[in-house]
Structure formats: structure tokens, C-alpha cells
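**Q** entry.csv is the file, holding CSV, C-alpha atoms and all ligand atoms:
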```
chain,number,residue,atom,x,y,z
X,1,MET,CA,-15.9,-4.1,-10.6
X,2,SER,CA,-17.9,-4.5,-13.8
X,3,SER,CA,-16.8,-6.8,-16.5
X,4,ASP,CA,-16.5,-3.9,-18.9
X,5,TRP,CA,-14.1,-2.2,-16.5
X,6,LEU,CA,-12.1,-5.4,-16.0
X,7,ASP,CA,-11.8,-5.8,-19.8
X,8,ARG,CA,-10.6,-2.3,-20.4
X,9,TRP,CA,-8.2,-2.5,-17.5
X,10,ASN,CA,-6.7,-5.8,-18.6
X,11,ARG,CA,-6.3,-4.6,-22.2
X,12,ALA,CA,-4.5,-1.4,-21.0
X,13,LEU,CA,-2.4,-3.4,-18.6
X,14,ARG,CA,-1.2,-5.8,-21.3
X,15,GLU,CA,-0.3,-2.8,-23.5
X,16,GLN,CA,1.9,-1.5,-20.6
X,17,HIS,CA,3.4,-4.9,-20.0
X,18,LYS,CA,4.4,-5.2,-23.7
X,19,LEU,CA,6.1,-1.9,-23.5
X,20,LEU,CA,8.0,-2.8,-20.4
X,21,PHE,CA,9.1,-6.4,-21.1
X,22,ASP,CA,11.1,-8.1,-23.8
X,23,TYR,CA,8.8,-11.0,-24.8
X,24,SER,CA,11.6,-13.0,-26.4
X,25,ASN,CA,13.3,-13.6,-23.0
X,26,LYS,CA,10.5,-12.5,-20.5
X,27,ARG,CA,12.8,-9.9,-18.9
X,28,MET,CA,12.2,-6.3,-18.2
X,29,LYS,CA,13.8,-4.2,-21.0
X,30,ASP,CA,17.2,-2.7,-19.9
X,31,GLU,CA,16.1,0.8,-20.7
X,32,PHE,CA,13.3,0.6,-18.1
X,33,ALA,CA,14.9,-1.6,-15.4
X,34,HIS,CA,16.6,-0.4,-12.3
X,35,TYR,CA,18.4,-3.1,-10.3
X,36,ALA,CA,18.5,-2.4,-6.6
X,37,ASP,CA,19.9,-3.9,-3.4
X,38,CYS,CA,17.6,-4.5,-0.4
X,39,PRO,CA,15.7,-1.2,0.1
X,40,VAL,CA,15.9,-1.6,3.9
X,41,CYS,CA,19.3,-3.0,4.9
X,42,GLY,CA,21.2,-2.4,1.6
X,43,GLU,CA,22.5,-6.1,1.3
X,44,LYS,CA,22.6,-7.8,-2.0
X,45,ASP,CA,22.0,-11.4,-0.8
X,46,ALA,CA,18.4,-12.3,-1.6
X,47,LYS,CA,16.5,-15.3,-2.8
X,48,LEU,CA,13.7,-15.4,-5.4
X,49,HIS,CA,10.4,-15.3,-3.4
X,50,TYR,CA,7.7,-15.0,-6.1
X,51,GLU,CA,7.3,-14.3,-9.7
X,52,LYS,CA,4.1,-12.8,-11.2
X,53,ASP,CA,3.7,-11.7,-14.8
X,54,TRP,CA,7.5,-11.8,-15.1
X,55,PHE,CA,8.0,-9.3,-12.3
X,56,LYS,CA,10.4,-10.9,-9.8
X,57,TYR,CA,10.2,-10.5,-6.0
X,58,TYR,CA,13.1,-11.3,-3.8
X,59,LYS,CA,13.4,-11.8,-0.1
X,60,CYS,CA,16.5,-10.4,1.6
X,61,ARG,CA,18.4,-13.1,3.4
X,62,ASN,CA,19.7,-10.5,5.9
X,63,CYS,CA,16.5,-8.6,7.0
X,64,SER,CA,13.6,-10.5,5.3
X,65,MET,CA,12.4,-7.6,3.3
X,66,VAL,CA,10.4,-8.6,0.2
X,67,TYR,CA,11.1,-6.3,-2.8
X,68,MET,CA,10.8,-6.3,-6.6
X,69,ASN,CA,14.1,-6.6,-8.5
X,70,PRO,CA,14.6,-5.2,-11.0
X,71,ARG,CA,12.1,-2.4,-10.3
X,72,MET,CA,10.8,0.0,-12.9
X,73,ASN,CA,13.1,3.1,-13.3
X,74,ASP,CA,11.7,6.6,-12.9
X,75,ALA,CA,11.0,7.0,-16.6
X,76,ALA,CA,9.0,3.7,-16.7
X,77,THR,CA,7.1,4.5,-13.4
X,78,HIS,CA,6.3,8.0,-14.7
X,79,SER,CA,5.0,6.7,-18.0
X,80,PHE,CA,2.8,4.1,-16.2
X,81,TYR,CA,1.2,6.8,-13.9
X,82,ASN,CA,0.4,8.8,-17.1
X,83,SER,CA,-0.9,5.8,-19.0
X,84,SER,CA,-4.5,4.9,-19.8
X,85,ALA,CA,-4.1,1.9,-17.5
X,86,ASN,CA,-3.7,4.3,-14.5
X,87,ALA,CA,-6.6,6.4,-15.6
X,88,ILE,CA,-8.8,3.3,-15.7
X,89,TYR,CA,-7.4,2.2,-12.3
X,90,ASN,CA,-8.3,5.7,-10.8
X,91,GLU,CA,-11.8,5.3,-12.2
X,92,SER,CA,-12.3,2.4,-9.8
X,93,LYS,CA,-10.4,3.9,-6.9
X,94,PHE,CA,-11.3,7.6,-6.9
X,95,ASP,CA,-14.1,8.3,-9.3
X,96,ASN,CA,-16.6,6.0,-7.8
X,97,PRO,CA,-17.1,7.4,-4.3
X,98,SER,CA,-19.7,4.9,-3.2
X,99,VAL,CA,-17.2,2.1,-3.5
X,100,THR,CA,-14.1,3.2,-1.7
X,101,SER,CA,-14.3,6.7,-0.3
X,102,ASP,CA,-16.6,5.9,2.7
X,103,PHE,CA,-14.4,3.0,3.7
X,104,ASP,CA,-11.2,5.1,3.3
X,105,ASN,CA,-12.7,8.0,5.1
X,106,ASP,CA,-13.9,5.9,8.1
X,107,GLU,CA,-10.4,4.3,8.3
X,108,ASN,CA,-8.7,7.6,8.2
X,109,ILE,CA,-10.8,9.0,11.0
X,110,SER,CA,-10.4,6.0,13.2
X,111,ASN,CA,-6.6,6.2,12.6
X,112,LEU,CA,-6.7,9.9,13.5
X,113,ASP,CA,-8.4,9.0,16.8
X,114,ALA,CA,-5.7,6.4,17.4
X,115,ILE,CA,-3.0,9.1,16.9
X,116,GLU,CA,-4.8,11.4,19.3
X,117,ARG,CA,-5.0,8.7,21.9
X,118,HIS,CA,-1.3,8.0,21.4
X,119,ARG,CA,-0.3,11.6,21.7
X,120,SER,CA,-2.7,12.3,24.6
X,121,ALA,CA,-1.8,15.8,25.7
X,122,GLY,CA,0.7,16.3,22.8
X,123,LYS,CA,0.9,19.7,21.1
X,124,LYS,CA,-1.4,20.5,18.1
X,125,GLY,CA,1.2,21.9,15.7
X,126,GLY,CA,1.8,21.0,12.0
X,127,PHE,CA,0.0,17.9,10.6
X,128,LEU,CA,1.2,16.6,7.2
X,129,GLU,CA,-0.7,13.9,5.2
X,130,ILE,CA,1.2,12.4,2.3
X,131,GLY,CA,-1.4,11.2,-0.2
X,132,SER,CA,-4.2,13.4,1.2
X,133,ALA,CA,-6.7,12.5,-1.6
X,134,THR,CA,-9.8,14.7,-1.2
X,135,GLY,CA,-8.7,16.1,2.2
X,136,HIS,CA,-11.3,14.3,4.4
X,137,LEU,CA,-8.7,13.5,7.1
X,138,LEU,CA,-7.1,16.9,7.0
X,139,LYS,CA,-10.4,18.6,7.5
X,140,LYS,CA,-11.0,16.6,10.7
X,141,ALA,CA,-7.4,17.2,11.8
X,142,LYS,CA,-8.0,20.9,11.3
X,143,GLU,CA,-11.1,20.7,13.5
X,144,TYR,CA,-8.9,19.1,16.2
X,145,GLY,CA,-6.7,22.2,16.1
X,146,TYR,CA,-3.8,21.2,13.8
X,147,ASP,CA,-2.2,23.4,11.1
X,148,VAL,CA,-2.8,21.0,8.1
X,149,TYR,CA,-0.6,20.3,5.1
X,150,GLY,CA,-1.1,17.8,2.3
X,151,ILE,CA,0.6,16.2,-0.6
X,152,GLU,CA,-1.6,14.8,-3.4
X,153,LEU,CA,-0.2,14.1,-6.8
X,154,ASN,CA,-3.6,13.5,-8.4
X,155,LYS,CA,-4.3,17.0,-9.9
X,156,LYS,CA,-8.1,16.7,-9.7
X,157,MET,CA,-8.1,15.8,-6.0
X,158,CYS,CA,-5.4,18.3,-5.2
X,159,ILE,CA,-7.5,21.1,-6.6
X,160,GLN,CA,-10.6,19.8,-4.9
X,161,SER,CA,-9.0,19.7,-1.5
X,162,ARG,CA,-7.3,23.1,-2.0
X,163,SER,CA,-10.8,24.6,-2.3
X,164,ILE,CA,-11.6,23.3,1.2
X,165,LEU,CA,-8.3,23.6,3.0
X,166,GLY,CA,-6.3,26.3,1.2
X,167,ASP,CA,-3.0,26.4,-0.6
X,168,THR,CA,-1.1,24.2,1.9
X,169,ILE,CA,-1.9,21.2,-0.4
X,170,TYR,CA,1.0,20.4,-2.8
X,171,ASP,CA,1.0,18.4,-6.0
X,172,VAL,CA,4.7,17.5,-6.1
X,173,ASP,CA,6.8,14.7,-4.4
X,174,LEU,CA,7.7,15.2,-0.8
X,175,GLN,CA,11.4,15.8,-1.4
X,176,ASP,CA,10.5,18.6,-3.9
X,177,VAL,CA,8.4,20.6,-1.5
X,178,ARG,CA,11.4,21.3,0.7
X,179,PHE,CA,9.5,21.9,3.9
X,180,PRO,CA,11.7,23.6,6.6
X,181,ALA,CA,13.4,21.2,9.1
X,182,GLU,CA,11.4,20.2,12.3
X,183,MET,CA,8.1,21.6,11.0
X,184,PHE,CA,5.7,18.8,11.8
X,185,ASP,CA,4.2,17.2,15.0
X,186,VAL,CA,2.4,14.5,13.0
X,187,ILE,CA,3.2,12.9,9.6
X,188,TYR,CA,0.5,10.6,8.2
X,189,MET,CA,0.5,8.2,5.3
X,190,ARG,CA,-1.9,5.3,4.6
X,191,ASP,CA,-1.6,2.9,1.7
X,192,LEU,CA,1.5,4.7,0.4
X,193,ILE,CA,4.9,3.5,1.6
X,194,GLN,CA,4.7,0.3,-0.5
X,195,HIS,CA,4.5,2.4,-3.7
X,196,ILE,CA,7.6,4.5,-2.9
X,197,PRO,CA,10.6,3.1,-4.8
X,198,GLU,CA,13.3,4.4,-2.3
X,199,PRO,CA,11.5,4.3,1.0
X,200,LYS,CA,14.7,4.9,3.1
X,201,GLY,CA,15.4,8.3,1.5
X,202,PHE,CA,11.8,9.1,1.8
X,203,LEU,CA,11.6,8.3,5.5
X,204,LEU,CA,14.9,10.2,6.2
X,205,GLU,CA,13.2,13.2,4.6
X,206,CYS,CA,10.2,12.6,6.9
X,207,ASN,CA,12.6,12.6,9.8
X,208,ARG,CA,14.2,15.9,8.8
X,209,ILE,CA,10.9,17.7,8.7
X,210,ALA,CA,9.5,16.1,11.9
X,211,LYS,CA,10.0,17.7,15.3
X,212,PRO,CA,11.8,15.7,18.0
X,213,GLY,CA,9.1,13.4,19.5
X,214,ALA,CA,6.8,13.8,16.5
X,215,THR,CA,4.4,11.0,15.6
X,216,ILE,CA,4.6,9.2,12.3
X,217,PHE,CA,1.7,7.0,11.2
X,218,ILE,CA,2.1,4.4,8.4
X,219,GLY,CA,-0.6,2.1,7.2
X,220,THR,CA,0.5,-0.7,4.8
X,221,HIS,CA,-0.2,-4.3,4.1
X,222,ASN,CA,1.7,-7.0,5.9
X,223,ILE,CA,3.5,-9.4,3.5
X,224,GLU,CA,4.0,-11.9,6.3
X,225,GLY,CA,0.3,-11.9,7.1
X,226,LEU,CA,-1.7,-15.1,7.2
X,227,ILE,CA,-3.6,-14.5,3.9
X,228,GLN,CA,-0.4,-13.3,2.2
X,229,LYS,CA,1.4,-16.5,3.3
X,230,VAL,CA,-1.4,-18.7,2.1
X,231,VAL,CA,-2.1,-17.1,-1.3
X,232,LYS,CA,1.5,-15.9,-2.0
X,233,GLU,CA,1.9,-14.0,-5.3
X,234,LYS,CA,-1.9,-14.3,-6.0
X,235,TYR,CA,-2.4,-11.6,-3.4
X,236,THR,CA,-3.9,-8.5,-5.0
X,237,ALA,CA,-1.3,-6.1,-3.6
X,238,VAL,CA,1.6,-8.1,-5.4
X,239,PHE,CA,1.4,-5.8,-8.4
X,240,GLY,CA,4.6,-4.9,-10.1
X,241,PHE,CA,3.5,-1.8,-11.9
X,242,MET,CA,2.7,0.0,-8.7
X,243,GLU,CA,4.0,-1.8,-5.6
X,244,PRO,CA,7.7,-2.5,-5.6
X,245,ASN,CA,8.1,-2.9,-1.8
X,246,HIS,CA,6.3,-5.2,0.7
X,247,PHE,CA,6.8,-4.7,4.4
X,248,SER,CA,6.2,-6.9,7.5
X,249,PRO,CA,6.2,-5.8,11.1
X,250,LEU,CA,9.9,-6.7,11.3
X,251,THR,CA,11.0,-4.8,8.2
X,252,ILE,CA,8.9,-1.7,8.9
X,253,ARG,CA,10.4,-1.5,12.4
X,254,LYS,CA,13.9,-1.9,10.8
X,255,ILE,CA,13.5,0.8,8.2
X,256,LEU,CA,11.9,3.2,10.7
X,257,ASP,CA,14.8,2.6,13.1
X,258,ILE,CA,17.3,3.3,10.4
X,259,ALA,CA,15.4,6.6,9.6
X,260,GLY,CA,15.5,7.7,13.2
X,261,PHE,CA,12.0,6.6,14.4
X,262,GLU,CA,11.0,4.2,17.2
X,263,VAL,CA,7.9,2.1,16.7
X,264,LYS,CA,5.5,2.5,19.6
X,265,GLU,CA,2.4,0.5,18.4
X,266,ILE,CA,1.4,-1.8,15.6
X,267,HIS,CA,-2.3,-2.5,15.2
X,268,PHE,CA,-3.4,-5.2,12.7
X,269,ARG,CA,-6.5,-5.0,10.6
X,270,SER,CA,-7.7,-8.0,8.6
X,271,ILE,CA,-11.0,-7.5,6.8
X,272,ASP,CA,-9.9,-9.7,3.9
X,273,VAL,CA,-8.6,-12.5,6.2
X,274,THR,CA,-11.4,-15.1,6.0
X,275,LEU,CA,-11.3,-18.7,5.0
X,276,GLY,CA,-13.8,-17.9,2.2
X,277,THR,CA,-11.5,-15.2,0.7
X,278,MET,CA,-8.4,-17.4,1.0
X,279,ILE,CA,-10.2,-20.3,-0.8
X,280,SER,CA,-11.6,-18.0,-3.5
X,281,TYR,CA,-8.1,-16.8,-4.4
X,282,PHE,CA,-7.4,-20.4,-5.7
X,283,GLY,CA,-10.5,-20.4,-8.0
X,284,THR,CA,-10.4,-16.9,-9.5
X,285,SER,CA,-7.5,-14.5,-10.3
X,286,SER,CA,-7.2,-11.1,-8.7
X,287,PHE,CA,-7.5,-8.1,-11.0
X,288,THR,CA,-3.8,-7.3,-10.7
X,289,TYR,CA,-2.8,-10.2,-12.9
X,290,VAL,CA,-1.8,-9.2,-16.4
X,291,TYR,CA,-2.0,-12.8,-17.6
X,292,PRO,CA,-4.1,-14.7,-15.1
X,293,PRO,CA,-3.0,-18.3,-14.8
X,294,GLU,CA,-5.2,-20.9,-16.6
X,295,LEU,CA,-7.3,-22.7,-14.1
X,296,GLY,CA,-8.6,-26.1,-15.1
X,297,LYS,CA,-12.4,-26.9,-14.9
X,298,LEU,CA,-11.8,-29.5,-12.2
X,299,ARG,CA,-9.9,-27.0,-10.0
X,300,ARG,CA,-12.6,-24.3,-10.5
X,301,PHE,CA,-15.3,-26.8,-9.5
X,302,GLY,CA,-13.3,-28.0,-6.5
X,303,VAL,CA,-12.8,-24.4,-5.3
X,304,LYS,CA,-16.5,-23.7,-5.8
X,305,MET,CA,-17.5,-26.7,-3.7
X,306,LEU,CA,-15.1,-25.7,-0.9
X,307,TYR,CA,-16.3,-22.1,-1.0
X,308,ALA,CA,-20.1,-23.0,-1.1
X,309,PRO,CA,-20.5,-23.6,2.7
X,310,PHE,CA,-19.2,-20.0,3.3
X,311,PHE,CA,-22.3,-18.6,1.7
X,312,CYS,CA,-24.4,-20.0,4.5
X,313,GLN,CA,-24.9,-18.9,8.0
X,314,PRO,CA,-23.6,-19.5,10.7
X,315,LEU,CA,-20.3,-20.5,9.0
X,316,ARG,CA,-20.2,-17.2,7.1
X,317,TYR,CA,-20.8,-15.2,10.3
X,318,MET,CA,-18.1,-17.1,12.2
X,319,ASP,CA,-15.6,-16.8,9.3
X,320,THR,CA,-16.0,-13.0,8.9
X,321,HIS,CA,-16.0,-12.4,12.6
X,322,ILE,CA,-13.6,-14.9,14.1
X,323,THR,CA,-10.9,-15.6,11.4
X,324,PRO,CA,-9.8,-11.9,11.2
X,325,SER,CA,-9.5,-11.7,15.0
X,326,ILE,CA,-7.3,-14.9,15.0
X,327,ALA,CA,-5.0,-13.4,12.4
X,328,ASN,CA,-4.7,-10.2,14.4
X,329,TRP,CA,-4.1,-12.1,17.6
X,330,LEU,CA,-1.3,-14.1,15.9
X,331,LYS,CA,0.1,-10.7,14.8
X,332,GLN,CA,-0.4,-12.0,11.2
X,333,GLY,CA,-3.1,-9.5,10.2
X,334,SER,CA,-3.2,-8.5,6.5
X,335,TRP,CA,-2.8,-4.8,7.2
X,336,MET,CA,-0.6,-2.9,9.7
X,337,ASN,CA,-1.2,0.5,11.2
X,338,VAL,CA,2.1,1.6,12.7
X,339,ILE,CA,2.6,4.5,15.1
X,340,ALA,CA,6.2,5.6,15.6
X,341,GLU,CA,8.0,8.5,17.2
X,342,LYS,CA,11.0,10.5,16.1
X,343,ARG,CA,13.9,9.9,18.5
R,1,ZN,ZN,17.6,-6.5,3.8
```
Would you mind writing the structure in this file as C-alpha cells?

**A**
Amino acid sequence: MSSDWLDRWNRALREQHKLLFDYSNKRMKDEFAHYADCPVCGEKDAKLHYEKDWFKYYKCRNCSMVYMNPRMNDAATHSFYNSSANAIYNESKFDNPSVTSDFDNDENISNLDAIERHRSAGKKGGFLEIGSATGHLLKKAKEYGYDVYGIELNKKMCIQSRSILGDTIYDVDLQDVRFPAEMFDVIYMRDLIQHIPEPKGFLLECNRIAKPGATIFIGTHNIEGLIQKVVKEKYTAVFGFMEPNHFSPLTIRKILDIAGFEVKEIHFRSIDVTLGTMISYFGTSSFTYVYPPELGKLRRFGVKMLYAPFFCQPLRYMDTHITPSIANWLKQGSWMNVIAEKR
């Protein structure tokens, strides 16, 4: 990320923050706030877990789900996704293919192979990807023999993928497509469920359109992962404007169970789980802070000194190769790939 991009992004973010919050009492303005109970179990009893830029995150005392409360209502969410801040965000995520696309594409193909291994001789029927971006995964799924469908709300990418895959790519919310019941053999979503304000209703709709025995794949970060536990609200994905829900292996199992799916496999991925990354979180602020906390000179110097050895081999090699495997082995990886089946 260039410093010019970071400056423009932070300025746009502060503008949105000023619209959303009442600066006299540091609370979300009533006209934009939606107060909600636990999005997994529906209980009210929750304790304050983190606070970041005045967004408050609670942990449900009943099921341990971590969620933002209040969350932004539909009007506020819609307005953020149409703001200049979101356009600047998309520049980094989607308009700079060399940075993210190759990584995302490789991940998606490796996930597709995991689905194929799981389904072994399973039927090649309908395959739906929610958040299908440029259609890279769907193209591959089509080669594997699936009838492919996608949902992509980014207009530019939707048009781009339609030109490759045809008119089975939609640019509206899942519930608004109204797919027929029991249409799909596979439903795939990566880096999506944490953005959905009402994940239970969303997954119940997935259940309605899935065939009995269908496979659902969900990739999302693990809020109970090792790095998330160490760096807490500093973690990049704790970002109130876009990510109201934060799952763990326990809570993703629970919500999938409620929605009529049984979890079969959870694989952890932990590319950001290194001692070096964890240390660096204490010396610099992630780009998802609106108002990064002031860090004293002494602290910055201390973090620099602690971080320095990780620039050198063999420590760097050991850290990037061994620490992620330890996190995965402890089932505390930073990312979960979940494969479940409709009961
Ligand atoms: Zn709960």
C-alpha cells in the first residue's frame, strides 16, 4: 500500500466515521444504529470484548460469538458501500491484480480441489459462488463439469465475468435472486460470511436452495485464532464499517447446525501467523484503524528491536514455516476453510 493510498483512504474513512458517530458522546447516531442480539444463538447476554474507533464488539456469554453491537443499519451500510472510502478500498483489493488476484485465485482453486476430494464421486450439478469476483473459480468449476452460477455485487466485475460465463452471474443479494428450492450441489463463499449482517437468515436461504447432501464451503477468519487472541482489536479484520461478525470454529459449527448443515471438515490456514507479524502489530497500526492509537517513541523503538531478529535467516525461515504450522496444529489458525453438508 502506497502512502498516497493510505492518506486518501484514511481521510475518506474519517469522513464516513464523522457521518456515522455523534462526536459529543462517541456513540453511533441513532438513525444509523441497529441494536441486535447474538446473531448465532439469539441471546442478549453478552460482555464487551473490544472497542475500536468507538465500534463496540461483544462476546455472547451463551455461545461465545463475537459481534458488533450496535451494527450499522441497512441505510448506513448501503451508504458506506457507495462512498468514496469503499471506492478507494476497492482500488487496493480489486483494481491492482498483481497484489491480490493471484493469491485469491490460487486459494480458490485449492479450495475447489478440497471440495472435489470431499465429494469424491458426488454429482456435478449446480455450483453457486456467492461473491464470485471475476469468475476465476467458476470457470474452473465449469471445466470440472458443473453448471455454474455466481453472485457479484461489484458491477464492473459482474459484467466482466458475465462476458466469460454468461448471464448466470447476478448482481443482487442472494435473497433477491429467488433461486428455486434444492437447485445446488455446491455453494461456495470465501471471505464473505463475516460481512453479512444477518448470517442466520442468509444461511437458511442457502439451505433452501441446496439439494439434500449438498456441500457448502465457507472461508472466513477465526476470531479465536492465535494471532487474533494476541493482538485483539488491532487485528486488521476487526473493522466496523465492513465486518460486523467474527466467527470461531465453535460458532461457525453452531450457526451451520441451526441452518441445517453438518460440518464435516475444518482446515486452518495461517499465513499471517508469525511471531514477526504479531510483534509488528504492536509497533504499527493496521490500515483499518480510523484513528490509530498514539504509540510512544520508546514503544516503537522497543518493537523495532524485538522485530529486528526476524529480518535475519534462519529465524525468519523458522518463523514463517514453523509458527503457522503450530497455530494450525493447535486448531488456532487465523483462517478457517469449512466444508459442511446439508442434512
Ligand atoms: Zn450467542

**Q** For each of X:Arg117, X:Arg178, X:His136, X:Lys59, take the minimum atom-to-atom distance to ligand ZN 1 (chain R), counting all atoms listed in the file, then give the residue where this is smallest.

**A**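 Smallest separation from ligand ZN 1 (chain R) among the options: X:Lys59.
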
**Q** Please return as an NGL selection string the residues found within 6 Å of ligand ZN 1 (chain R), counting only C-alpha atoms and all ligand atoms.

**A** :X and (38 or 40-43 or 60 or 62-65)

**Q** Separation of CA of Lys123 (chain X) and CA of Phe268 (chain X), in Å?

**A**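 Separation between CA of Lys123 (chain X) and CA of Phe268 (chain X): 26.6 Å.
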
**Q** Please report the interatomic distance between CA of Leu13 (chain X) and CA of Tyr50 (chain X) in Å with one decimal.

**A** 19.8 Å

**Q** In file coordinates, which residues lie within 8 Å of (13.2, -7.9, -11.3) using all atoms listed in the file, given as a list in words?

**A**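 Residues found, by chain and rising number: Arg27, Met28, Ala33, Tyr35, Trp54, Phe55, Lys56, Tyr57, Met68, Asn69, Pro70 and Arg71 of chain X.
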
**Q** Quick one: everything within 6 Å of region 200-212 of chain X, counting only C-alpha atoms, minus sequence neighbours fewer than 3 positions away in the same chain. Send it as an MDAnalysis selection string.

**A** chainID X and resid 181:185 259 342

**Q** Go ahead and dump the residues you just picked, C-alpha atoms, as a compact mmCIF listing (two decimals), keeping the file's coordinate frame.

**A**
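out00.txt, freshly written:
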```txt
# COMPACT_ATOMS: atom_id res chain seq x y z
CA ALA X 181 13.40 21.20 9.10
CA GLU X 182 11.40 20.20 12.30
CA MET X 183 8.10 21.60 11.00
CA PHE X 184 5.70 18.80 11.80
CA ASP X 185 4.20 17.20 15.00
CA ALA X 259 15.40 6.60 9.60
CA LYS X 342 11.00 10.50 16.10
```

**Q** At what distance in Å, to one decimal, does CA of Ala121 (chain X) lie from CA of Glu262 (chain X)?

**A**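 Distance reported for this atom pair: 19.3 Å.
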
**Q** Set the distance at 12 Å and use only C-alpha atoms: which residues neighbour region 317-329 of chain X once local chain neighbours fewer than 4 positions away are removed? I'd like the list as a ChimeraX atom specification.

**A** /X:222,224-229,266-279,307,309-313,333-337

**Q** I need every residue sitting at most 10 Å from the point (-7.3, 16.2, -1.8) (coordinates as in the file, all atoms listed in the file considered), written as a CSV table (one decimal) with C-alpha atoms, in the frame of the given file.

**A**
```csv
chain,number,residue,atom,x,y,z
X,129,GLU,CA,-0.7,13.9,5.2
X,131,GLY,CA,-1.4,11.2,-0.2
X,132,SER,CA,-4.2,13.4,1.2
X,133,ALA,CA,-6.7,12.5,-1.6
X,134,THR,CA,-9.8,14.7,-1.2
X,135,GLY,CA,-8.7,16.1,2.2
X,136,HIS,CA,-11.3,14.3,4.4
X,137,LEU,CA,-8.7,13.5,7.1
X,138,LEU,CA,-7.1,16.9,7.0
X,150,GLY,CA,-1.1,17.8,2.3
X,151,ILE,CA,0.6,16.2,-0.6
X,152,GLU,CA,-1.6,14.8,-3.4
X,153,LEU,CA,-0.2,14.1,-6.8
X,154,ASN,CA,-3.6,13.5,-8.4
X,155,LYS,CA,-4.3,17.0,-9.9
X,156,LYS,CA,-8.1,16.7,-9.7
X,157,MET,CA,-8.1,15.8,-6.0
X,158,CYS,CA,-5.4,18.3,-5.2
X,159,ILE,CA,-7.5,21.1,-6.6
X,160,GLN,CA,-10.6,19.8,-4.9
X,161,SER,CA,-9.0,19.7,-1.5
X,162,ARG,CA,-7.3,23.1,-2.0
X,163,SER,CA,-10.8,24.6,-2.3
X,164,ILE,CA,-11.6,23.3,1.2
X,165,LEU,CA,-8.3,23.6,3.0
X,169,ILE,CA,-1.9,21.2,-0.4
X,170,TYR,CA,1.0,20.4,-2.8
X,171,ASP,CA,1.0,18.4,-6.0
```

**Q** Restricting the calculation to only C-alpha atoms: of X:Ile109, X:Leu128, X:Asp4, X:Glu51, which residue gets closest to Lys26 (chain X)?

**A**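 Among the listed residues, the smallest separation from Lys26 (chain X) belongs to X:Glu51.
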
**Q** Might you pull out every residue within 9 Å of Thr220 (chain X), with all atoms listed in the file counted and same-chain residues fewer than 6 positions away left off, and present them as an MDAnalysis selection string?

**A** chainID X and resid 189:194 246:248 334:338
